[in-house]
$ cat coords-v7.pdb   # PDB, C-alpha atoms and all ligand atoms
ATOM      1  CA  MET A  21       0.000   0.000   0.000
ATOM      2  CA  ARG A  22       0.985   3.671  -0.281
ATOM      3  CA  ALA A  23       1.896   5.603   2.863
ATOM      4  CA  ALA A  24       3.238   9.105   3.639
ATOM      5  CA  LEU A  25       6.069   8.680   6.105
ATOM      6  CA  LEU A  26       7.655  11.221   8.428
ATOM      7  CA  SER A  27      11.215   9.869   8.296
ATOM      8  CA  GLU A  28      13.133  13.031   9.182
ATOM      9  CA  TYR A  29      12.200  16.321  10.842
ATOM     10  CA  HIS A  30      12.074  19.474   8.700
ATOM     11  CA  LYS A  31      11.775  17.367   5.518
ATOM     12  CA  PRO A  32       8.748  16.667   3.277
ATOM     13  CA  LEU A  33       6.903  13.426   3.999
ATOM     14  CA  GLU A  34       8.196  10.479   2.012
ATOM     15  CA  LEU A  35       5.693   8.576  -0.149
ATOM     16  CA  VAL A  36       6.603   4.901   0.251
ATOM     17  CA  GLU A  37       5.236   1.436  -0.593
ATOM     18  CA  ARG A  38       4.543  -0.713   2.452
ATOM     19  CA  PRO A  39       2.924  -4.082   3.068
ATOM     20  CA  GLU A  40      -0.819  -3.824   3.774
ATOM     21  CA  PRO A  41      -1.341  -4.155   7.561
ATOM     22  CA  GLU A  42      -3.027  -7.275   8.934
ATOM     23  CA  PRO A  43      -4.718  -7.881  12.280
ATOM     24  CA  VAL A  44      -2.095  -9.231  14.706
ATOM     25  CA  ALA A  45      -3.611  -8.773  18.177
ATOM     26  CA  PRO A  46      -7.066 -10.294  18.740
ATOM     27  CA  ARG A  47      -8.792  -6.865  18.885
ATOM     28  CA  ASP A  48      -6.964  -5.403  15.860
ATOM     29  CA  VAL A  49      -8.975  -3.882  13.034
ATOM     30  CA  VAL A  50      -7.661  -2.832   9.624
ATOM     31  CA  VAL A  51      -9.514   0.175   8.234
ATOM     32  CA  LYS A  52      -9.432   1.058   4.538
ATOM     33  CA  ILE A  53      -8.997   4.844   4.523
ATOM     34  CA  GLY A  54     -11.831   6.857   2.972
ATOM     35  CA  GLY A  55     -10.434  10.201   4.115
ATOM     36  CA  ALA A  56      -7.701  11.564   6.391
ATOM     37  CA  GLY A  57      -7.788  15.174   7.618
ATOM     38  CA  VAL A  58      -4.624  17.290   7.604
ATOM     39  CA  CYS A  59      -4.005  19.114  10.880
ATOM     40  CA  ALA A  60      -1.604  21.769  12.205
ATOM     41  CA  THR A  61      -0.324  19.024  14.516
ATOM     42  CA  ASP A  62       1.081  17.312  11.398
ATOM     43  CA  LEU A  63       3.139  20.474  10.842
ATOM     44  CA  HIS A  64       4.215  20.435  14.493
ATOM     45  CA  ALA A  65       5.189  16.762  14.068
ATOM     46  CA  GLN A  66       7.391  17.684  11.112
ATOM     47  CA  GLU A  67       8.961  20.446  13.197
ATOM     48  CA  GLY A  68       9.894  17.924  15.906
ATOM     49  CA  LEU A  69       7.496  19.374  18.489
ATOM     50  CA  MET A  70       5.619  16.112  19.125
ATOM     51  CA  GLU A  71       8.417  14.186  20.876
ATOM     52  CA  PRO A  72       6.876  14.951  24.301
ATOM     53  CA  ALA A  73       3.727  13.207  22.990
ATOM     54  CA  GLY A  74       5.840  10.122  22.224
ATOM     55  CA  LEU A  75       6.423  10.537  18.478
ATOM     56  CA  LYS A  76       9.576   8.892  17.145
ATOM     57  CA  PRO A  77      10.229   8.884  13.378
ATOM     58  CA  PRO A  78       9.779   7.025  11.151
ATOM     59  CA  VAL A  79       5.990   7.084  11.455
ATOM     60  CA  VAL A  80       3.089   7.397   9.010
ATOM     61  CA  LEU A  81       1.222  10.612   9.910
ATOM     62  CA  GLY A  82      -2.563  11.089   9.690
ATOM     63  CA  HIS A  83      -4.703  11.145  12.842
ATOM     64  CA  GLU A  84      -8.100  12.265  11.473
ATOM     65  CA  ASN A  85      -9.194   9.052   9.857
ATOM     66  CA  ALA A  86     -12.418   7.550   8.570
ATOM     67  CA  GLY A  87     -13.072   4.674   6.210
ATOM     68  CA  TRP A  88     -14.412   1.159   6.043
ATOM     69  CA  VAL A  89     -13.568  -1.897   8.155
ATOM     70  CA  HIS A  90     -11.372  -4.102   5.975
ATOM     71  CA  ALA A  91     -10.196  -6.973   8.222
ATOM     72  CA  VAL A  92     -10.732  -7.879  11.890
ATOM     73  CA  GLY A  93      -8.838  -9.888  14.549
ATOM     74  CA  ASP A  94     -10.232 -13.043  16.144
ATOM     75  CA  ASP A  95     -11.826 -11.387  19.193
ATOM     76  CA  VAL A  96     -13.469  -8.443  17.433
ATOM     77  CA  THR A  97     -17.226  -8.524  18.042
ATOM     78  CA  THR A  98     -18.466  -4.988  17.305
ATOM     79  CA  ALA A  99     -17.146  -4.403  13.783
ATOM     80  CA  ALA A 100     -17.474  -6.289  10.521
ATOM     81  CA  PRO A 101     -15.837  -5.807   7.115
ATOM     82  CA  GLY A 102     -17.531  -3.185   4.961
ATOM     83  CA  GLU A 103     -18.863  -1.045   7.836
ATOM     84  CA  ALA A 104     -18.193   2.705   7.609
ATOM     85  CA  VAL A 105     -16.321   3.992  10.664
ATOM     86  CA  LEU A 106     -14.655   7.017  12.185
ATOM     87  CA  VAL A 107     -11.381   6.328  14.013
ATOM     88  CA  TYR A 108     -10.968   7.799  17.509
ATOM     89  CA  PRO A 109      -7.248   8.684  17.417
ATOM     90  CA  ALA A 110      -6.225   8.157  21.052
ATOM     91  CA  TYR A 111      -5.594   4.566  22.062
ATOM     92  CA  SER A 112      -7.749   3.636  25.046
ATOM     93  CA  CYS A 113      -7.021   0.425  26.975
ATOM     94  CA  GLY A 114     -10.369   0.401  28.789
ATOM     95  CA  LEU A 115      -8.732  -0.933  31.953
ATOM     96  CA  CYS A 116      -6.911   1.950  33.662
ATOM     97  CA  VAL A 117      -8.524   4.506  36.000
ATOM     98  CA  ALA A 118      -8.530   7.258  33.339
ATOM     99  CA  CYS A 119     -10.263   4.992  30.821
ATOM    100  CA  ARG A 120     -12.840   3.921  33.413
ATOM    101  CA  ARG A 121     -13.484   7.600  34.205
ATOM    102  CA  GLY A 122     -14.203   8.101  30.519
ATOM    103  CA  THR A 123     -11.154  10.321  29.979
ATOM    104  CA  ASP A 124      -9.640   8.026  27.363
ATOM    105  CA  MET A 125      -7.134  10.664  26.249
ATOM    106  CA  HIS A 126      -5.366  10.324  29.627
ATOM    107  CA  CYS A 127      -5.054   6.512  29.299
ATOM    108  CA  GLU A 128      -1.994   5.133  31.142
ATOM    109  CA  ARG A 129      -1.081   3.192  27.992
ATOM    110  CA  HIS A 130      -1.492   6.303  25.856
ATOM    111  CA  GLN A 131      -0.827   5.948  22.130
ATOM    112  CA  PHE A 132      -2.036   8.117  19.278
ATOM    113  CA  THR A 133      -2.762   6.904  15.763
ATOM    114  CA  GLY A 134      -0.796   9.014  13.313
ATOM    115  CA  LEU A 135       1.707  10.267  15.916
ATOM    116  CA  THR A 136       3.006   7.411  18.074
ATOM    117  CA  ARG A 137       1.584   4.656  15.806
ATOM    118  CA  ASP A 138       1.254   4.606  12.036
ATOM    119  CA  GLY A 139      -1.662   6.733  10.874
ATOM    120  CA  GLY A 140      -3.997   7.240   7.959
ATOM    121  CA  PHE A 141      -1.971   9.098   5.333
ATOM    122  CA  ALA A 142      -2.024   5.682   3.652
ATOM    123  CA  ASP A 143      -4.372   3.235   1.983
ATOM    124  CA  TYR A 144      -4.975   1.323   5.241
ATOM    125  CA  VAL A 145      -4.504   1.863   8.969
ATOM    126  CA  LEU A 146      -4.338  -0.677  11.799
ATOM    127  CA  VAL A 147      -6.255   0.286  14.976
ATOM    128  CA  ASP A 148      -7.823  -1.258  18.063
ATOM    129  CA  GLU A 149     -11.517  -2.184  18.070
ATOM    130  CA  ARG A 150     -12.101   0.373  20.875
ATOM    131  CA  SER A 151     -11.057   3.155  18.462
ATOM    132  CA  LEU A 152     -14.003   2.669  16.129
ATOM    133  CA  ILE A 153     -17.230   4.655  15.957
ATOM    134  CA  LYS A 154     -19.823   3.502  13.435
ATOM    135  CA  LEU A 155     -20.971   6.186  11.033
ATOM    136  CA  PRO A 156     -24.691   6.933  11.037
ATOM    137  CA  PRO A 157     -26.430   5.902   7.772
ATOM    138  CA  GLY A 158     -25.866   8.386   4.941
ATOM    139  CA  VAL A 159     -22.649   9.823   6.408
ATOM    140  CA  GLU A 160     -19.602   9.323   4.151
ATOM    141  CA  PRO A 161     -16.121   8.766   5.686
ATOM    142  CA  ALA A 162     -14.308  11.562   3.791
ATOM    143  CA  GLU A 163     -17.033  13.995   4.842
ATOM    144  CA  VAL A 164     -16.464  13.486   8.596
ATOM    145  CA  ALA A 165     -12.800  12.441   8.894
ATOM    146  CA  PRO A 166     -11.762  15.841  10.384
ATOM    147  CA  HIS A 167     -14.106  15.299  13.307
ATOM    148  CA  SER A 168     -11.627  12.654  14.587
ATOM    149  CA  ASP A 169      -9.362  15.381  15.905
ATOM    150  CA  ALA A 170     -10.443  18.866  14.799
ATOM    151  CA  GLY A 171     -14.064  18.206  15.705
ATOM    152  CA  ILE A 172     -13.571  16.203  18.886
ATOM    153  CA  THR A 173     -11.133  18.765  20.284
ATOM    154  CA  ALA A 174     -13.572  21.611  19.625
ATOM    155  CA  TYR A 175     -16.424  19.591  21.131
ATOM    156  CA  HIS A 176     -14.467  18.572  24.239
ATOM    157  CA  ALA A 177     -13.444  22.191  24.891
ATOM    158  CA  VAL A 178     -16.910  23.652  24.337
ATOM    159  CA  LYS A 179     -18.638  20.965  26.426
ATOM    160  CA  LYS A 180     -16.530  22.006  29.424
ATOM    161  CA  LEU A 181     -17.647  25.627  28.892
ATOM    162  CA  LEU A 182     -21.389  24.943  28.801
ATOM    163  CA  PRO A 183     -22.177  26.234  32.341
ATOM    164  CA  ARG A 184     -20.681  29.596  31.297
ATOM    165  CA  LEU A 185     -22.603  29.994  28.023
ATOM    166  CA  ALA A 186     -25.843  31.449  29.385
ATOM    167  CA  PRO A 187     -27.921  33.932  27.352
ATOM    168  CA  GLY A 188     -26.371  37.377  27.553
ATOM    169  CA  THR A 189     -22.790  36.076  27.624
ATOM    170  CA  THR A 190     -20.198  36.591  24.902
ATOM    171  CA  SER A 191     -17.743  33.984  23.634
ATOM    172  CA  VAL A 192     -14.820  34.626  21.321
ATOM    173  CA  VAL A 193     -13.138  32.179  18.944
ATOM    174  CA  ILE A 194      -9.612  33.273  18.009
ATOM    175  CA  GLY A 195      -8.649  31.635  14.696
ATOM    176  CA  VAL A 196     -11.566  30.444  12.570
ATOM    177  CA  GLY A 197      -9.723  27.656  10.729
ATOM    178  CA  GLY A 198     -10.109  23.864  10.745
ATOM    179  CA  VAL A 199     -10.906  23.581  14.455
ATOM    180  CA  GLY A 200     -12.191  27.111  14.952
ATOM    181  CA  HIS A 201     -15.065  26.868  12.491
ATOM    182  CA  ILE A 202     -16.350  23.835  14.392
ATOM    183  CA  ALA A 203     -15.855  25.440  17.831
ATOM    184  CA  LEU A 204     -17.777  28.479  16.657
ATOM    185  CA  GLN A 205     -20.771  26.419  15.562
ATOM    186  CA  LEU A 206     -20.748  24.400  18.792
ATOM    187  CA  LEU A 207     -20.725  27.572  20.919
ATOM    188  CA  LYS A 208     -23.826  28.681  18.987
ATOM    189  CA  VAL A 209     -25.600  25.309  18.953
ATOM    190  CA  LEU A 210     -24.911  24.257  22.550
ATOM    191  CA  GLY A 211     -24.698  27.667  24.234
ATOM    192  CA  GLY A 212     -27.145  30.528  24.636
ATOM    193  CA  GLY A 213     -24.854  33.547  24.234
ATOM    194  CA  ALA A 214     -23.346  35.602  21.430
ATOM    195  CA  VAL A 215     -20.275  34.373  19.564
ATOM    196  CA  ILE A 216     -17.574  36.549  18.015
ATOM    197  CA  GLY A 217     -15.067  35.187  15.500
ATOM    198  CA  VAL A 218     -11.645  36.865  15.599
ATOM    199  CA  ASP A 219      -9.234  36.317  12.727
ATOM    200  CA  THR A 220      -6.659  38.396  10.884
ATOM    201  CA  ASP A 221      -7.495  36.681   7.569
ATOM    202  CA  ALA A 222     -10.488  38.059   5.631
ATOM    203  CA  ARG A 223     -11.353  34.638   4.136
ATOM    204  CA  ARG A 224     -11.591  33.098   7.588
ATOM    205  CA  ARG A 225     -13.656  36.024   8.873
ATOM    206  CA  MET A 226     -16.036  35.296   5.986
ATOM    207  CA  LEU A 227     -16.142  31.631   6.991
ATOM    208  CA  ALA A 228     -16.977  32.700  10.571
ATOM    209  CA  LYS A 229     -19.867  34.831   9.339
ATOM    210  CA  GLU A 230     -21.109  32.006   7.133
ATOM    211  CA  PHE A 231     -21.065  29.552  10.054
ATOM    212  CA  GLY A 232     -23.114  31.760  12.329
ATOM    213  CA  ALA A 233     -20.805  34.205  14.137
ATOM    214  CA  ASP A 234     -22.799  37.144  15.516
ATOM    215  CA  GLU A 235     -19.850  39.373  14.806
ATOM    216  CA  VAL A 236     -16.411  39.062  13.173
ATOM    217  CA  LEU A 237     -13.468  41.144  14.342
ATOM    218  CA  THR A 238      -9.698  41.343  14.074
ATOM    219  CA  ASP A 239      -8.381  42.097  17.591
ATOM    220  CA  ALA A 240      -8.845  42.427  21.366
ATOM    221  CA  ALA A 241      -9.683  46.128  21.188
ATOM    222  CA  GLY A 242     -12.553  45.306  18.846
ATOM    223  CA  VAL A 243     -13.907  42.735  21.308
ATOM    224  CA  ARG A 244     -13.698  45.244  24.183
ATOM    225  CA  GLU A 245     -15.607  47.771  22.089
ATOM    226  CA  ALA A 246     -18.213  45.285  20.862
ATOM    227  CA  THR A 247     -18.986  44.313  24.472
ATOM    228  CA  ASN A 248     -19.299  47.930  25.698
ATOM    229  CA  GLY A 249     -16.031  47.618  27.570
ATOM    230  CA  ALA A 250     -17.009  44.474  29.481
ATOM    231  CA  GLY A 251     -14.917  41.949  27.520
ATOM    232  CA  ALA A 252     -15.644  38.322  26.665
ATOM    233  CA  ASP A 253     -16.886  35.772  29.215
ATOM    234  CA  VAL A 254     -15.182  32.961  27.331
ATOM    235  CA  VAL A 255     -12.263  33.013  24.896
ATOM    236  CA  VAL A 256     -11.267  29.928  22.895
ATOM    237  CA  ASP A 257      -7.851  30.228  21.239
ATOM    238  CA  LEU A 258      -6.972  28.067  18.241
ATOM    239  CA  VAL A 259      -3.908  30.016  17.166
ATOM    240  CA  ALA A 260      -1.937  29.945  20.430
ATOM    241  CA  THR A 261       1.013  32.156  19.612
ATOM    242  CA  ASP A 262       2.483  34.450  22.301
ATOM    243  CA  ALA A 263       0.485  37.252  20.641
ATOM    244  CA  THR A 264      -2.922  35.515  20.654
ATOM    245  CA  HIS A 265      -2.380  34.254  24.211
ATOM    246  CA  ALA A 266      -1.800  37.855  25.295
ATOM    247  CA  ALA A 267      -4.739  39.168  23.258
ATOM    248  CA  GLY A 268      -7.022  36.378  24.551
ATOM    249  CA  VAL A 269      -6.317  37.148  28.192
ATOM    250  CA  GLU A 270      -6.565  40.888  27.525
ATOM    251  CA  MET A 271     -10.091  40.615  26.090
ATOM    252  CA  LEU A 272     -11.494  38.649  29.082
ATOM    253  CA  ALA A 273     -14.390  40.007  31.124
ATOM    254  CA  ARG A 274     -14.263  39.857  34.946
ATOM    255  CA  GLY A 275     -14.751  36.241  36.007
ATOM    256  CA  GLY A 276     -13.922  35.163  32.452
ATOM    257  CA  LEU A 277     -12.268  31.983  31.205
ATOM    258  CA  TYR A 278      -9.539  31.681  28.606
ATOM    259  CA  SER A 279      -9.350  28.244  27.031
ATOM    260  CA  THR A 280      -6.540  27.276  24.687
ATOM    261  CA  ILE A 281      -6.920  24.447  22.197
ATOM    262  CA  GLY A 282      -3.968  25.451  20.046
ATOM    263  CA  TYR A 283      -0.447  25.278  21.413
ATOM    264  CA  GLY A 284       3.008  26.595  20.691
ATOM    265  CA  GLY A 285       3.222  29.939  22.493
ATOM    266  CA  VAL A 286       3.878  30.896  26.115
ATOM    267  CA  ILE A 287       1.117  32.356  28.295
ATOM    268  CA  THR A 288       2.365  35.209  30.485
ATOM    269  CA  VAL A 289      -0.123  36.761  32.877
ATOM    270  CA  PRO A 290       0.557  39.002  35.878
ATOM    271  CA  SER A 291      -1.004  37.225  38.869
ATOM    272  CA  VAL A 292      -2.534  40.505  40.027
ATOM    273  CA  ALA A 293      -4.553  40.642  36.790
ATOM    274  CA  MET A 294      -5.735  37.069  37.350
ATOM    275  CA  VAL A 295      -6.779  37.858  40.919
ATOM    276  CA  VAL A 296      -8.468  41.173  40.181
ATOM    277  CA  GLY A 297     -10.239  39.703  37.147
ATOM    278  CA  GLU A 298     -10.829  36.363  38.931
ATOM    279  CA  SER A 299      -9.917  34.777  35.625
ATOM    280  CA  THR A 300      -9.451  31.128  34.748
ATOM    281  CA  ILE A 301      -7.030  29.662  32.217
ATOM    282  CA  THR A 302      -7.434  26.138  30.889
ATOM    283  CA  GLY A 303      -6.090  23.793  28.214
ATOM    284  CA  ASN A 304      -7.741  21.035  26.211
ATOM    285  CA  LEU A 305      -6.424  17.696  25.012
ATOM    286  CA  VAL A 306      -8.378  15.989  22.214
ATOM    287  CA  GLY A 307     -11.429  14.488  23.943
ATOM    288  CA  SER A 308     -12.941  11.186  24.959
ATOM    289  CA  TRP A 309     -14.470   8.527  22.728
ATOM    290  CA  ILE A 310     -17.915   9.603  23.929
ATOM    291  CA  ASP A 311     -17.171  13.240  22.991
ATOM    292  CA  LEU A 312     -16.565  12.074  19.424
ATOM    293  CA  TRP A 313     -19.677   9.894  19.424
ATOM    294  CA  GLU A 314     -21.822  12.821  20.631
ATOM    295  CA  LEU A 315     -20.354  15.161  18.016
ATOM    296  CA  LEU A 316     -21.108  12.627  15.296
ATOM    297  CA  GLN A 317     -24.756  12.613  16.378
ATOM    298  CA  LEU A 318     -24.840  16.436  16.036
ATOM    299  CA  HIS A 319     -23.264  16.110  12.583
ATOM    300  CA  ALA A 320     -25.771  13.478  11.469
ATOM    301  CA  ALA A 321     -28.622  15.732  12.643
ATOM    302  CA  GLY A 322     -27.225  18.590  10.525
ATOM    303  CA  ASP A 323     -26.460  20.807  13.554
ATOM    304  CA  VAL A 324     -22.725  21.003  12.804
ATOM    305  CA  LYS A 325     -21.202  21.284   9.353
ATOM    306  CA  LEU A 326     -17.648  20.869   8.150
ATOM    307  CA  ARG A 327     -15.944  22.963   5.497
ATOM    308  CA  THR A 328     -13.616  20.549   3.713
ATOM    309  CA  GLU A 329     -11.634  20.311   0.493
ATOM    310  CA  THR A 330     -10.315  16.964  -0.765
ATOM    311  CA  HIS A 331      -6.951  16.135  -2.305
ATOM    312  CA  PRO A 332      -5.261  12.908  -3.440
ATOM    313  CA  LEU A 333      -2.849  11.274  -0.963
ATOM    314  CA  GLU A 334       0.047  12.032  -3.336
ATOM    315  CA  ALA A 335      -0.569  15.767  -2.801
ATOM    316  CA  VAL A 336       0.174  15.520   0.935
ATOM    317  CA  ASN A 337       3.278  17.718   0.892
ATOM    318  CA  ASP A 338       1.547  20.418  -1.167
ATOM    319  CA  VAL A 339      -1.364  20.387   1.247
ATOM    320  CA  LEU A 340       0.978  20.665   4.250
ATOM    321  CA  ASP A 341       2.738  23.621   2.584
ATOM    322  CA  ARG A 342      -0.587  25.347   1.931
ATOM    323  CA  LEU A 343      -1.669  24.746   5.531
ATOM    324  CA  ARG A 344       1.633  26.201   6.789
ATOM    325  CA  ASP A 345       1.059  29.279   4.604
ATOM    326  CA  GLY A 346      -2.476  29.789   5.948
ATOM    327  CA  GLU A 347      -3.952  29.017   2.518
ATOM    328  CA  ILE A 348      -6.541  26.452   3.654
ATOM    329  CA  THR A 349      -9.950  27.690   4.721
ATOM    330  CA  GLY A 350     -11.617  24.921   6.727
ATOM    331  CA  ARG A 351     -10.026  21.460   6.591
ATOM    332  CA  ALA A 352      -8.123  19.613   3.863
ATOM    333  CA  VAL A 353      -8.852  15.890   3.599
ATOM    334  CA  LEU A 354      -6.598  13.407   1.795
ATOM    335  CA  VAL A 355      -8.472  10.735  -0.124
ATOM    336  CA  PRO A 356      -6.286   7.784  -1.192
TER     337      PRO A 356
HETATM  338 ZN    ZN B 401      -4.953  17.166  14.809
HETATM  339 ZN    ZN B 402      -6.468   3.166  29.718
END
$ encode --input "coords-v7.pdb" --output "structure tokens"
Amino acid sequence: MRAALLSEYHKPLELVERPEPEPVAPRDVVVKIGGAGVCATDLHAQEGLMEPAGLKPPVVLGHENAGWVHAVGDDVTTAAPGEAVLVYPAYSCGLCVACRRGTDMHCERHQFTGLTRDGGFADYVLVDERSLIKLPPGVEPAEVAPHSDAGITAYHAVKKLLPRLAPGTTSVVIGVGGVGHIALQLLKVLGGGAVIGVDTDARRRMLAKEFGADEVLTDAAGVREATNGAGADVVVDLVATDATHAAGVEMLARGGLYSTIGYGGVITVPSVAMVVGESTITGNLVGSWIDLWELLQLHAAGDVKLRTETHPLEAVNDVLDRLRDGEITGRAVLVP
């Protein structure tokens, strides 16, 4: 089969021929890829930033995978060849305390398809039965692949914010890209307050408007003005540079919460500002299997939509370059 391999940092992915994977462990499932989303984390992996997450080259990237069950191990009981599935990217053993709490992403035996194990920038991917979520009828794999990471991460973050999203509140999404355009819709669908999209790129501001933002702006001063000086009750940051961290904290209302989904920058806040503002800062790591299942139900009901563009697997390096240059509006999906 074809696979796009990260063999060396700071180099394009290498398109290689590999043997088709086969079930080895009793709960193994081989999924034929129908679509694999391309994420900023793939860029971070190329830059060598994912070593703390356990990545060691060479590895096939691709962690936003959907497709069809192709082959199953001897003990697999919940999946059969031909079924359309979404792949939950975090490995979840089901036995440790974190897994039993339902926080699969903190599993003691943590692995991640497409980072620490071979992923879906390939014709096939080998995963555990616990990773699978059946697609509702009428939902095509390539259409929902980005939910596996972009969507689940947005959903997990917004679900934690729900008690703060009462009518009359204001939320801000900084960076209306692949994850941001989903977060924005979820804040509208699940919350009762107003949502502002903040982006420096006019195309992404247009996307924000199209996906239901009450207002689209470019900076913290604009948010302060739009809220009559009060600031935002909730800020979700998808860009996560030093600059957006600073802007995100600066635009908070008293008692507000700043939630970062993106990563890369350093958050610097004077403690006096945190105390006076009684502010909260939080981070978000992917989400649980059930988060992804719930999001898929919203998608099937038409409450959340994805903006995607598809490309052949061979175009992976072009797509990564375009993503790095900020030239992708929504999510790019590789279709083998
Ligand atoms: Zn990702
Ligand atoms: Zn576990």
$ resolve_selection --input "coords-v7.pdb" --expression "the PyMOL selection byres (((not hetatm)) within 10 of (chain B and resi 401))" --output "mmCIF file with C-alpha atoms, in the coordinates of the input"
data_model
loop_
_atom_site.group_PDB
_atom_site.id
_atom_site.type_symbol
_atom_site.label_atom_id
_atom_site.label_comp_id
_atom_site.auth_asym_id
_atom_site.auth_seq_id
_atom_site.Cartn_x
_atom_site.Cartn_y
_atom_site.Cartn_z
ATOM 1 C CA GLY A 57 -7.788 15.174 7.618
ATOM 2 C CA VAL A 58 -4.624 17.290 7.604
ATOM 3 C CA CYS A 59 -4.005 19.114 10.880
ATOM 4 C CA ALA A 60 -1.604 21.769 12.205
ATOM 5 C CA THR A 61 -0.324 19.024 14.516
ATOM 6 C CA ASP A 62 1.081 17.312 11.398
ATOM 7 C CA LEU A 63 3.139 20.474 10.842
ATOM 8 C CA HIS A 64 4.215 20.435 14.493
ATOM 9 C CA GLY A 82 -2.563 11.089 9.690
ATOM 10 C CA HIS A 83 -4.703 11.145 12.842
ATOM 11 C CA GLU A 84 -8.100 12.265 11.473
ATOM 12 C CA PRO A 109 -7.248 8.684 17.417
ATOM 13 C CA GLY A 134 -0.796 9.014 13.313
ATOM 14 C CA LEU A 135 1.707 10.267 15.916
ATOM 15 C CA PRO A 166 -11.762 15.841 10.384
ATOM 16 C CA HIS A 167 -14.106 15.299 13.307
ATOM 17 C CA SER A 168 -11.627 12.654 14.587
ATOM 18 C CA ASP A 169 -9.362 15.381 15.905
ATOM 19 C CA ALA A 170 -10.443 18.866 14.799
ATOM 20 C CA GLY A 171 -14.064 18.206 15.705
ATOM 21 C CA ILE A 172 -13.571 16.203 18.886
ATOM 22 C CA THR A 173 -11.133 18.765 20.284
ATOM 23 C CA GLY A 198 -10.109 23.864 10.745
ATOM 24 C CA VAL A 199 -10.906 23.581 14.455
ATOM 25 C CA GLY A 282 -3.968 25.451 20.046
ATOM 26 C CA VAL A 306 -8.378 15.989 22.214
#
$ residues_near_ligand --input "coords-v7.pdb" --ligand "ligand ZN 402 (chain B)" --cutoff "12 Å" --atoms "all atoms listed in the file" --output "PyMOL selection string"
chain A and resi 110-131+150+308-309
$ residues_around --input "coords-v7.pdb" --residues "A:Arg38" --least-positions-apart "4" --cutoff "7 Å" --atoms "all atoms listed in the file" --output "PDB file with C-alpha atoms, in the coordinates of the input"
ATOM      1  CA  MET A  21       0.000   0.000   0.000  1.00  0.00           C
ATOM      2  CA  ARG A  22       0.985   3.671  -0.281  1.00  0.00           C
ATOM      3  CA  ALA A  23       1.896   5.603   2.863  1.00  0.00           C
TER       4      ALA A  23
END
$ axis_aligned_box --input "coords-v7.pdb" --around "stretch 110-124 of chain A" --padding-each-side "5 Å" --output "AutoDock Vina command-line options"
--center_x -9.9 --center_y 4.7 --center_z 28.5 --size_x 18.6 --size_y 21.3 --size_z 24.9
$ resolve_selection --input "coords-v7.pdb" --expression "the PyMOL selection byres (((chain A and resi 51) around 7) and not hetatm)" --output "number ranges by chain"
A: 49-50, 52-53, 87-90, 144-146
$ residues_near_point --input "coords-v7.pdb" --point "(-17.7, 11.4, 6.6)" --cutoff "9 Å" --atoms "only C-alpha atoms" --output "number ranges by chain"
A: 54-55, 86-87, 104-106, 155, 158-167
$ resolve_selection --input "coords-v7.pdb" --expression "the PyMOL selection byres (((chain A and resi 297-302) around 9) and not hetatm)" --output "ChimeraX atom specification"
/A:269,272-281,292-296,303-304
$ residues_near_point --input "coords-v7.pdb" --point "(-18.2, 24.0, 24.4)" --cutoff "8 Å" --atoms "only C-alpha atoms" --output "number ranges by chain"
A: 174-182, 203, 206-207, 210-211
$ closest_residue --input "coords-v7.pdb" --among "A:Phe231, A:Phe132, A:Tyr108, A:Tyr29" --to "A:Leu69" --atoms "all atoms listed in the file"
A:Tyr29
$ closest_residue --input "coords-v7.pdb" --among "A:Pro39, A:Gly74, A:Gly102, A:Gly350" --to "A:Gly200" --atoms "all atoms listed in the file"
A:Gly350
$ residues_around --input "coords-v7.pdb" --residues "A:Thr97" --least-positions-apart "2" --cutoff "12 Å" --atoms "only C-alpha atoms" --output "PyMOL selection string"
chain A and resi 46-49+92-95+99-101+148-150+152
$ write_last_selection --input "coords-v7.pdb" --atoms "C-alpha atoms" --output "PDB file, in the coordinates of the input"
ATOM      1  CA  PRO A  46      -7.066 -10.294  18.740  1.00  0.00           C
ATOM      2  CA  ARG A  47      -8.792  -6.865  18.885  1.00  0.00           C
ATOM      3  CA  ASP A  48      -6.964  -5.403  15.860  1.00  0.00           C
ATOM      4  CA  VAL A  49      -8.975  -3.882  13.034  1.00  0.00           C
ATOM      5  CA  VAL A  92     -10.732  -7.879  11.890  1.00  0.00           C
ATOM      6  CA  GLY A  93      -8.838  -9.888  14.549  1.00  0.00           C
ATOM      7  CA  ASP A  94     -10.232 -13.043  16.144  1.00  0.00           C
ATOM      8  CA  ASP A  95     -11.826 -11.387  19.193  1.00  0.00           C
ATOM      9  CA  ALA A  99     -17.146  -4.403  13.783  1.00  0.00           C
ATOM     10  CA  ALA A 100     -17.474  -6.289  10.521  1.00  0.00           C
ATOM     11  CA  PRO A 101     -15.837  -5.807   7.115  1.00  0.00           C
ATOM     12  CA  ASP A 148      -7.823  -1.258  18.063  1.00  0.00           C
ATOM     13  CA  GLU A 149     -11.517  -2.184  18.070  1.00  0.00           C
ATOM     14  CA  ARG A 150     -12.101   0.373  20.875  1.00  0.00           C
ATOM     15  CA  LEU A 152     -14.003   2.669  16.129  1.00  0.00           C
TER      16      LEU A 152
END
$ residues_around --input "coords-v7.pdb" --residues "A:Ala186" --least-positions-apart "2" --cutoff "9 Å" --atoms "all atoms listed in the file" --output "list of chain:residue names"
A:Leu182, A:Pro183, A:Arg184, A:Gly188, A:Thr189, A:Thr190, A:Gly211, A:Gly212, A:Gly213
$ atom_distance --input "coords-v7.pdb" --atom1 "atom CA of A:Val255" --atom2 "atom CA of A:Glu67"
27.3 Å
$ atom_distance --input "coords-v7.pdb" --atom1 "atom CA of A:Thr220" --atom2 "atom CA of A:Ser191"
17.5 Å
$ residues_around --input "coords-v7.pdb" --residues "A:Gly346" --least-positions-apart "3" --cutoff "9 Å" --atoms "only C-alpha atoms" --output "PyMOL selection string"
chain A and resi 197+221+341-343+349
